[in-house]
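Engineer: This is the structure I want to talk about, given as structure tokens.
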Amino acid sequence: MNLPVARASTVLFDNLEHLAAVQKRFEAGEAIATYGITNMPPRNAFEELVCELEGGHRAVTVPSGLAAVAVAILAVVKAGDHVLMVDSVYGPSRTFCDRTLAKMGVATDYYSPAAGGDEIAALMKPNTTLVYVESPGSLTFEVQDLPAICKAVHAKGAFVACDNAWATGLHYPTMQLGVDLVVQPATKYLAGHSDVIIGAVVANERAWPGLKEAARDLGQTTSPDDIFLTVRGMRTLAIRLEKQGAAALAIARVLEKRPEVARVLHPALESFPTHALWKRDFTGSSGLFGVEFAPCTPKQVSAFFDGFSLFGIGYSWGGFESLAVPANLRHGRTVSAWKGNPLFRLHIGLEDPEDLLADLDAAFARWRAAA
């Protein structure tokens with residue numbers, strides 16, 4: 001039922017003839033273990049699963065979601081290149097580009113999440129090798145026109161990478177829509193139990209050689225125990241996403257009618273500006289969305305969070321538990337600054353939706369009392 005956990009740094013061979021035969025098969029691309037950092041049985045199983053999930057050719061396993069971001073970018077860029085990254089990207093991804101990538105001689109510009117294929121094409125330079133997409137966007141949940149972006153980028157010979165944490169390949173077939181590299185922070189929905197930090201990058205055939213080299217040269221791998229737990233979590237991915245997505249959408253519909261709420265940022269809501277793109281390209285939604293308070297004071301925001309019984313206050317998401325956290329927009333958007341009241345983000349877990357709504361009712365009561 002379960003692959004054994006293979007904890008190994010060294011693989012032994014019977015003799016030099018055996019070593020040479022295995023090495024030859026390894027170089028040909030077969031999943032043959034020669035050294036513990038690559039191609040051990042649990043890692044092979046996870047990479048096969050995540051490839052099937054995202055619809056890719058091959059995958060690599062890395063220690064975290066941010067490591068997946070970095071390896072995906074480094075797979076296709078070199079000194080002197082130019083990257084276009086969506087302005088609503090996960091904050092640490094932006095920091096990686098502005099700090100580490102810049103030190104390597106790679107320039108990054110940011111584009112509005114509302115930009116379509118023509119706008120992206122106009123922003124590309126002769127040395128643009130990568131356009132990075134995150135759809136929906138981090139914290140504000142804008143959906144991008146992925147097919148149009150991929151068509152425009154490929155026409156100029158560059159690659160498209162997409163962070164697919166929110167919906168996973170189960171609900172967002174990004175590779176079918178044209179993406180070359182899928183960044184999957186498997187810490188979240190794939191592992192699903194908030195007890196693992198792990199990432200993966202899935203490549204199509206065109207991007208695979210660069211991805212394989214980047215991951216290998218950087219020594220990227222992760223614990224076999226974490227891989228074991230993630231493979232376990234993937235067995236229930238579909239049923240968890242179905243239940244959590246349905247509960248989140250039901251709660252979002254209730255919240256958008258509350259007087260304490262200015263708007264709800266959930267792509268599956270008909271009121272959301274990019275709902276039509278979501279409806280066209282996605283097959284479902286997940287448990288994560290944003291909420292904008294009505295005009296309020298910092299004291300009210302603090303009171304809202306002080307006293308939850310079911311919602312935990314904490315970052316990350318994708319596990320079985322519900323979370324609430326103020327949205328941190330301090331990572332410095334440059335072309336699509338947030339214009340509105342304070343935001344908070346909800347992740348809906350597997351608790352009963354009516355119980356979660358009661359917890360939110362009490363939070364809004366504290367919010368009103370603090371006015």
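Chain labels A, B, ... are given in the sequence in which chains occur in the structure tokens; within each chain residues are numbered consecutively from 1, and ligands are likewise numbered from 1 in the order shown.
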Taking the DSSP assignment computed from this structure's backbone, write out as an MDAnalysis selection string all residues of stretch 160-219 of chain A that belong to strand (DSSP E or B).

Structural biologist: chainID A and resid 160:163 181:184 199:203

Engineer: Which neighbours of stretch 66-76 of chain A fall inside 6 Å, counting only C-alpha atoms, when residues of the same chain fewer than 5 positions from it are skipped, and could you give them as a list in words?

Structural biologist: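 With the cut-off at 6 Å, the set is Val183, Gly199, Ala200, Val201, Gly210, Leu211 and Ala214 of chain A.
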
Engineer: Residues of stretch 191-237 of chain A in helix (DSSP H, G or I) according to DSSP, as a list in words?

Structural biologist: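 So the helix (DSSP H, G or I) residues in stretch 191-237 of chain A would be Trp208, Pro209, Gly210, Leu211, Lys212, Glu213, Ala214, Ala215, Arg216, Asp217, Pro224, Asp225, Asp226, Ile227, Phe228, Leu229, Thr230, Val231, Arg232, Gly233, Met234 and Leu237 of chain A.
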
Engineer: Give the answer as one residue: which of A:Leu255, A:Cys150, A:Leu288, A:Ala294 has the shortest atom-to-atom distance to A:Val325, using only C-alpha atoms?

Structural biologist: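 Counting only C-alpha atoms, the residue closest to A:Val325 is A:Leu288.
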
Engineer: Suppose you want the space between atom CA of A:His266 and atom CA of A:Gly290; what is it in Å?

Structural biologist: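 That distance, rounded to one decimal, is 6.6 Å.
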
Engineer: Please indicate the distance in Å from atom CA of A:Met85 to atom CA of A:Val143, rounded to one decimal place.

Structural biologist: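 Atom CA of A:Met85 sits 14.3 Å away from atom CA of A:Val143.
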
Engineer: Determine the nearest neighbour of A:Gly319 from the options A:Thr334, A:Ser302, A:Ser194, A:Ser271, counting only C-alpha atoms.

Structural biologist: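 The answer is A:Ser194, which sits nearest to A:Gly319.
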
Engineer: Find the residues near A:Tyr90: any atom within 12 Å, counting only C-alpha atoms, skip ones fewer than 5 places away on the same chain, and give them as number ranges by chain.

Structural biologist: A: 65-66, 69, 85, 95-97, 132-141, 162-166, 183, 185, 316, 327-333

Engineer: List the neighbours of stretch 188-193 of chain A out to 8 Å using only C-alpha atoms; skip same-chain residues closer than 3 positions along the sequence, and give me the result as an MDAnalysis selection string.

Structural biologist: chainID A and resid 165 168 185 196 229:234 237 241 316:320

Engineer: Selected residues, N, CA and C atoms, written as a PDB file, in the first residue's frame, please.

Structural biologist:
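This is the output file part-v3.pdb:
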ATOM      1  N   ALA A 165      -0.301  26.982  -7.295  1.00  0.00           N
ATOM      2  CA  ALA A 165      -0.607  26.517  -5.943  1.00  0.00           C
ATOM      3  C   ALA A 165      -2.097  26.545  -5.649  1.00  0.00           C
ATOM      4  N   THR A 168      -4.068  23.897  -8.266  1.00  0.00           N
ATOM      5  CA  THR A 168      -3.317  22.708  -8.687  1.00  0.00           C
ATOM      6  C   THR A 168      -3.774  22.267 -10.085  1.00  0.00           C
ATOM      7  N   PRO A 185       4.040  24.586  -5.117  1.00  0.00           N
ATOM      8  CA  PRO A 185       4.386  24.539  -3.695  1.00  0.00           C
ATOM      9  C   PRO A 185       3.602  23.414  -3.017  1.00  0.00           C
ATOM     10  N   VAL A 196       4.483  19.358   6.393  1.00  0.00           N
ATOM     11  CA  VAL A 196       5.552  19.126   5.427  1.00  0.00           C
ATOM     12  C   VAL A 196       5.879  20.447   4.747  1.00  0.00           C
ATOM     13  N   LEU A 229       5.124  11.600   3.186  1.00  0.00           N
ATOM     14  CA  LEU A 229       3.929  12.264   3.693  1.00  0.00           C
ATOM     15  C   LEU A 229       3.175  12.982   2.580  1.00  0.00           C
ATOM     16  N   THR A 230       3.906  13.532   1.614  1.00  0.00           N
ATOM     17  CA  THR A 230       3.244  14.244   0.519  1.00  0.00           C
ATOM     18  C   THR A 230       2.514  13.279  -0.401  1.00  0.00           C
ATOM     19  N   VAL A 231       3.129  12.156  -0.699  1.00  0.00           N
ATOM     20  CA  VAL A 231       2.446  11.145  -1.517  1.00  0.00           C
ATOM     21  C   VAL A 231       1.181  10.670  -0.805  1.00  0.00           C
ATOM     22  N   ARG A 232       1.275  10.496   0.507  1.00  0.00           N
ATOM     23  CA  ARG A 232       0.089  10.143   1.291  1.00  0.00           C
ATOM     24  C   ARG A 232      -0.995  11.202   1.146  1.00  0.00           C
ATOM     25  N   GLY A 233      -0.602  12.460   1.258  1.00  0.00           N
ATOM     26  CA  GLY A 233      -1.569  13.531   1.142  1.00  0.00           C
ATOM     27  C   GLY A 233      -2.225  13.602  -0.220  1.00  0.00           C
ATOM     28  N   MET A 234      -1.486  13.296  -1.266  1.00  0.00           N
ATOM     29  CA  MET A 234      -2.035  13.390  -2.618  1.00  0.00           C
ATOM     30  C   MET A 234      -3.159  12.393  -2.860  1.00  0.00           C
ATOM     31  N   LEU A 237      -6.223  14.385  -2.215  1.00  0.00           N
ATOM     32  CA  LEU A 237      -6.249  15.736  -2.772  1.00  0.00           C
ATOM     33  C   LEU A 237      -7.599  16.065  -3.403  1.00  0.00           C
ATOM     34  N   LEU A 241     -10.004  19.028  -1.955  1.00  0.00           N
ATOM     35  CA  LEU A 241     -10.240  20.235  -2.742  1.00  0.00           C
ATOM     36  C   LEU A 241     -11.722  20.414  -3.055  1.00  0.00           C
ATOM     37  N   SER A 316       0.914  30.496   5.429  1.00  0.00           N
ATOM     38  CA  SER A 316       0.759  29.283   4.628  1.00  0.00           C
ATOM     39  C   SER A 316      -0.724  28.931   4.578  1.00  0.00           C
ATOM     40  N   TRP A 317      -1.049  27.805   3.975  1.00  0.00           N
ATOM     41  CA  TRP A 317      -2.432  27.381   3.813  1.00  0.00           C
ATOM     42  C   TRP A 317      -2.408  26.057   3.066  1.00  0.00           C
ATOM     43  N   GLY A 318      -3.577  25.521   2.755  1.00  0.00           N
ATOM     44  CA  GLY A 318      -3.662  24.290   1.988  1.00  0.00           C
ATOM     45  C   GLY A 318      -3.864  23.048   2.827  1.00  0.00           C
ATOM     46  N   GLY A 319      -3.797  23.195   4.160  1.00  0.00           N
ATOM     47  CA  GLY A 319      -4.025  22.048   5.022  1.00  0.00           C
ATOM     48  C   GLY A 319      -5.500  21.838   5.303  1.00  0.00           C
ATOM     49  N   PHE A 320      -5.783  20.995   6.264  1.00  0.00           N
ATOM     50  CA  PHE A 320      -7.161  20.641   6.583  1.00  0.00           C
ATOM     51  C   PHE A 320      -7.819  21.657   7.505  1.00  0.00           C
TER      52      PHE A 320
END

Engineer: What's the 8 Å shell around A:Glu48, counting only C-alpha atoms, without same-chain residues fewer than 3 positions away, as an NGL selection string?

Structural biologist: :A and (44-45 or 51-52 or 58-59)

Engineer: Rank A:Leu170, A:Val83, A:Met40, A:Ala102 by their smallest atom-to-atom distance to A:Thr128, using only C-alpha atoms, and report the top residue only.

Structural biologist: A:Val83

Engineer: Need to verify the contact set: A:Asp118, 12 Å, only C-alpha atoms, exclusion of same-chain residues closer than 6 positions in sequence. Can you return it as a list in words?

Structural biologist: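 Skipping anything fewer than 6 positions along the chain leaves Met124, Asp145, Pro147, Ala148, Ile149, Cys150, Lys151, Ala152, Val153, Ala155 and Lys156 of chain A.
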
Engineer: Go ahead and write the residues just picked, N, CA and C atoms, as a PDB file, in the first residue's frame.

Structural biologist:
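Final file, result_20.pdb:
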ATOM      1  N   MET A 124       7.884  42.777 -23.721  1.00  0.00           N
ATOM      2  CA  MET A 124       9.026  41.887 -23.885  1.00  0.00           C
ATOM      3  C   MET A 124      10.161  42.590 -24.627  1.00  0.00           C
ATOM      4  N   ASP A 145      -5.093  35.909 -18.305  1.00  0.00           N
ATOM      5  CA  ASP A 145      -5.490  35.275 -19.570  1.00  0.00           C
ATOM      6  C   ASP A 145      -4.335  34.402 -20.043  1.00  0.00           C
ATOM      7  N   PRO A 147      -3.926  31.467 -21.841  1.00  0.00           N
ATOM      8  CA  PRO A 147      -3.705  31.068 -23.239  1.00  0.00           C
ATOM      9  C   PRO A 147      -3.164  32.204 -24.102  1.00  0.00           C
ATOM     10  N   ALA A 148      -3.696  33.416 -23.921  1.00  0.00           N
ATOM     11  CA  ALA A 148      -3.231  34.546 -24.723  1.00  0.00           C
ATOM     12  C   ALA A 148      -1.790  34.900 -24.382  1.00  0.00           C
ATOM     13  N   ILE A 149      -1.449  34.839 -23.094  1.00  0.00           N
ATOM     14  CA  ILE A 149      -0.078  35.145 -22.675  1.00  0.00           C
ATOM     15  C   ILE A 149       0.890  34.122 -23.258  1.00  0.00           C
ATOM     16  N   CYS A 150       0.555  32.848 -23.150  1.00  0.00           N
ATOM     17  CA  CYS A 150       1.442  31.801 -23.666  1.00  0.00           C
ATOM     18  C   CYS A 150       1.651  31.936 -25.176  1.00  0.00           C
ATOM     19  N   LYS A 151       0.595  32.231 -25.888  1.00  0.00           N
ATOM     20  CA  LYS A 151       0.705  32.386 -27.349  1.00  0.00           C
ATOM     21  C   LYS A 151       1.650  33.529 -27.695  1.00  0.00           C
ATOM     22  N   ALA A 152       1.507  34.659 -26.999  1.00  0.00           N
ATOM     23  CA  ALA A 152       2.354  35.815 -27.281  1.00  0.00           C
ATOM     24  C   ALA A 152       3.811  35.554 -26.908  1.00  0.00           C
ATOM     25  N   VAL A 153       4.023  34.916 -25.783  1.00  0.00           N
ATOM     26  CA  VAL A 153       5.390  34.657 -25.313  1.00  0.00           C
ATOM     27  C   VAL A 153       6.098  33.653 -26.205  1.00  0.00           C
ATOM     28  N   ALA A 155       5.540  33.066 -29.282  1.00  0.00           N
ATOM     29  CA  ALA A 155       5.813  33.670 -30.587  1.00  0.00           C
ATOM     30  C   ALA A 155       7.147  34.390 -30.606  1.00  0.00           C
ATOM     31  N   LYS A 156       7.620  34.796 -29.432  1.00  0.00           N
ATOM     32  CA  LYS A 156       8.911  35.480 -29.321  1.00  0.00           C
ATOM     33  C   LYS A 156      10.008  34.554 -28.796  1.00  0.00           C
TER      34      LYS A 156
END

Engineer: If you measure from atom CA of A:Asp352 to atom CA of A:Ile251, what distance in Å do you get, rounded to one decimal?

Structural biologist: 10.8 Å

Engineer: Identify, on the basis of only C-alpha atoms, every residue whose closest approach to A:Glu354 does not exceed 10 Å; exclude the query and any residue fewer than 4 positions from it along the same chain; express the result as a list in words.

Structural biologist: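 Everything that qualifies: Ala247, Ala250, Ile251, Ala358, Asp359 and Leu360 of chain A.
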
Engineer: Could you check the closest approach to A:Val62 for each of A:Ser9, A:Asn204, A:Ser112, A:Thr38 and tell me which residue wins, using only C-alpha atoms?

Structural biologist: A:Thr38
